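Here the structure comes first, spelled out in structure tokens, and everything after it is commentary.
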Amino acid sequence: MFLKVQLPWNVIIPAESLDTKGLMLQKSIIIRLLDDFSTKKATKDLGYFLAVTTLDHIGEGKVRQHTGDVLFPVLFSCVTFKPLRGEILEGVVHKILKHGVFLRSGPIENIYLSNQKMSDYKYVPGENPIFMNDKLSKIEKDVVVRFSVIGTKYIEVEREFQAVVSLEGDFLGPVS
Amino acid sequence: MAEKGGKGFSLPKSSLKSPAHLKGKDDSPAKSKNGRKVQFDSEDSLESEINLSSKACGKGDTPFGKGDWGKGGKGDKFANGGKSSMPKGSSTSGQKNEQGHTELPKNAKCLMDCEAADILQGIQEQMVVLSEDPTIKIPIPFDRGLQYAKNGSRYTDPESVRLVLEPLKAHGVSDSEICMIANICPESLDEVFALISSLKGKKNKVTQPLKDALSELTKLKQSTRSSN
């Protein structure tokens, strides 16, 4: 699900970019914020960071001793994407194995759909293996599948989410 | 900072979370039927092949271990407010997941795919100007997020969709449920109830208003699904 979040952050402006005033200062705060935002990539609570929409408030800067950098508390709004348990999402199949398939959905790279979670689909081996059910509905590479999210996991080191998903239930499966 | 924010506020379930988590391994019979269990028979071969494993998964916690994935198991059921009307386990779907809103950070608001598409598209349009300045960085997930939002949004006018669905709040439908309805772009009431299991408990209350909303939504639907 996409989320709209308002966040308070601190932006540190190095002393050397402080010799300009007014608008330039504001610009360097924005640039710095965007930079931090992009570097952050994702957090466990908020999901993937997609974009800053507005910079709502810039607080009073505080000079840091020793370095001379200035720290500005800012308040901004952003859009994030977080996979939630129980949510219905769509993803594109990118790998098919005997035990299940891997999908991508939005910024999430690794989504696993186990064959046990799509019990009516059977594995059909071959050069390009697929999963197929009695109604000849096929799950093959590059097919879009609608699924429900059973569980998610956040990998701190990579700042990535992984998810396990299921097709058990009505109205789930390949989307034409 | 942002990370810190998260801990305190997971809603009612947080208290249940840890017990459920602890129980994780010893499959209590109650839940065995509907498969909280996500078993991966050949973890090893999988791992090596797809390199899904990561250092973060670390200690004793196999990448696909039951540990962290959906700690829900039992907790979920309770979290559903103990609605005995919920067909426990007998439903065709193995998913008794409740809505994600318990995982929502408190300062976050759900967006429908079409709303997100609108916002991200707006930023994309500025991109020509933005990309001239190499100091401005665009987050890597941006493109994929935009893509997803565009593919997922079946409505051209997010505001009207909001207007149609907003009245459902008066009938106890939560914000995240409203967004899910919009994202699913349902064709029938059955579809809504099948996919959003948390609404089943409120079925009596929401059926009629939902029906009205759906017929309105159908009018707002895009005639063709955008495919880029």
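Residues are named by chain letter and number: chains run A, B, ... in the order of the structure tokens, numbers start at 1 in each chain, and ligands are numbered from 1 in the order shown.
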message: Residues near stretch 90-103 of chain A, anyone? I mean within 7 Å using only C-alpha atoms, not counting same-chain ones fewer than 5 positions away, as a list in words.
response: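 Non-adjacent residues within range: Asn110, Ile111, Tyr112, Leu113, Ser114, Asn115, Tyr123, Pro129, Ile130, Glu140, Lys141, Asp142, Val143, Val144, Val145, Arg146 and Phe147 of chain A.
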Can you list every residue of chain A that has an atom at most 7 Å from chain B, with its nearest atom pair and the distance in Å to one decimal, using only C-alpha atoms, ordered by chain then number, as a tab-separated table?
residue	atom	partner	partner_atom	distance
A:Met1	CA	B:Cys110	CA	6.9
A:Phe2	CA	B:Leu111	CA	5.1
A:Leu3	CA	B:Cys110	CA	4.6
A:Lys4	CA	B:Lys109	CA	5.1
A:Val5	CA	B:Ala108	CA	4.4
A:Gln6	CA	B:Asn107	CA	6.3
A:Trp9	CA	B:Met1	CA	6.7
A:Ile31	CA	B:Ile136	CA	5.8
A:Leu34	CA	B:Lys137	CA	6.1
A:Asp35	CA	B:Lys137	CA	5.6
A:Ser38	CA	B:Pro139	CA	4.2
A:Lys41	CA	B:Pro139	CA	6.7
A:Thr43	CA	B:Glu3	CA	6.2
A:Lys44	CA	B:Glu3	CA	6.9
A:Asp45	CA	B:Gly6	CA	5.4
A:Leu46	CA	B:Pro105	CA	6.7
A:Tyr48	CA	B:Pro141	CA	6.8
A:Phe49	CA	B:Pro141	CA	6.9
A:Leu50	CA	B:Phe142	CA	4.5
A:Ala51	CA	B:Phe142	CA	6.5
A:Leu84	CA	B:Gly100	CA	4.9
A:Arg85	CA	B:Gly100	CA	5.2
A:Gly86	CA	B:Asn97	CA	4.7
A:Glu87	CA	B:Gly100	CA	6.6
A:Gly106	CA	B:Tyr148	CA	4.8
A:Pro107	CA	B:Arg144	CA	5.2
A:Ile150	CA	B:Gly70	CA	6.1
A:Gly151	CA	B:Gly70	CA	4.0
A:Thr152	CA	B:Trp69	CA	5.5
A:Lys153	CA	B:Trp69	CA	6.0
A:Ile155	CA	B:Ala56	CA	5.7
A:Glu156	CA	B:Ala56	CA	6.2
A:Val157	CA	B:Ala56	CA	5.7
A:Glu168	CA	B:Ser93	CA	4.9
A:Gly169	CA	B:Ser93	CA	3.9
A:Asp170	CA	B:Ala194	CA	6.1
A:Phe171	CA	B:Glu191	CA	6.4
task: Point out the residue among A:Val70, A:Pro125, A:Phe161, A:Gln65 with the least atom-to-atom distance to A:Ser17, counting only C-alpha atoms.
output: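 Looking only at the distances to A:Ser17, the closest residue turns out to be A:Val70.
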field: Two-atom distance - atom CA of A:His66, atom CA of A:Gln26 (Å)
entry: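 Separation of atom CA of A:His66 and atom CA of A:Gln26: 23.3 Å.
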- prompt: If you count only C-alpha atoms, which residues fall within 10 Å of A:Gly68, apart from same-chain ones fewer than 2 positions away, as a list in words?
  reply: Ile13, Pro14, Ala15, Glu16, Leu18, Lys62, Val63, Arg64, Gln65, His66, Val70 and Leu71 of chain A
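Taking atom CA of B:Lys200 and atom CA of B:Leu217 as the two end points, the separation is 20.3 Å.
Atom pair atom CA of B:Lys203 / atom CA of A:Lys82: separated by 27.1 Å.
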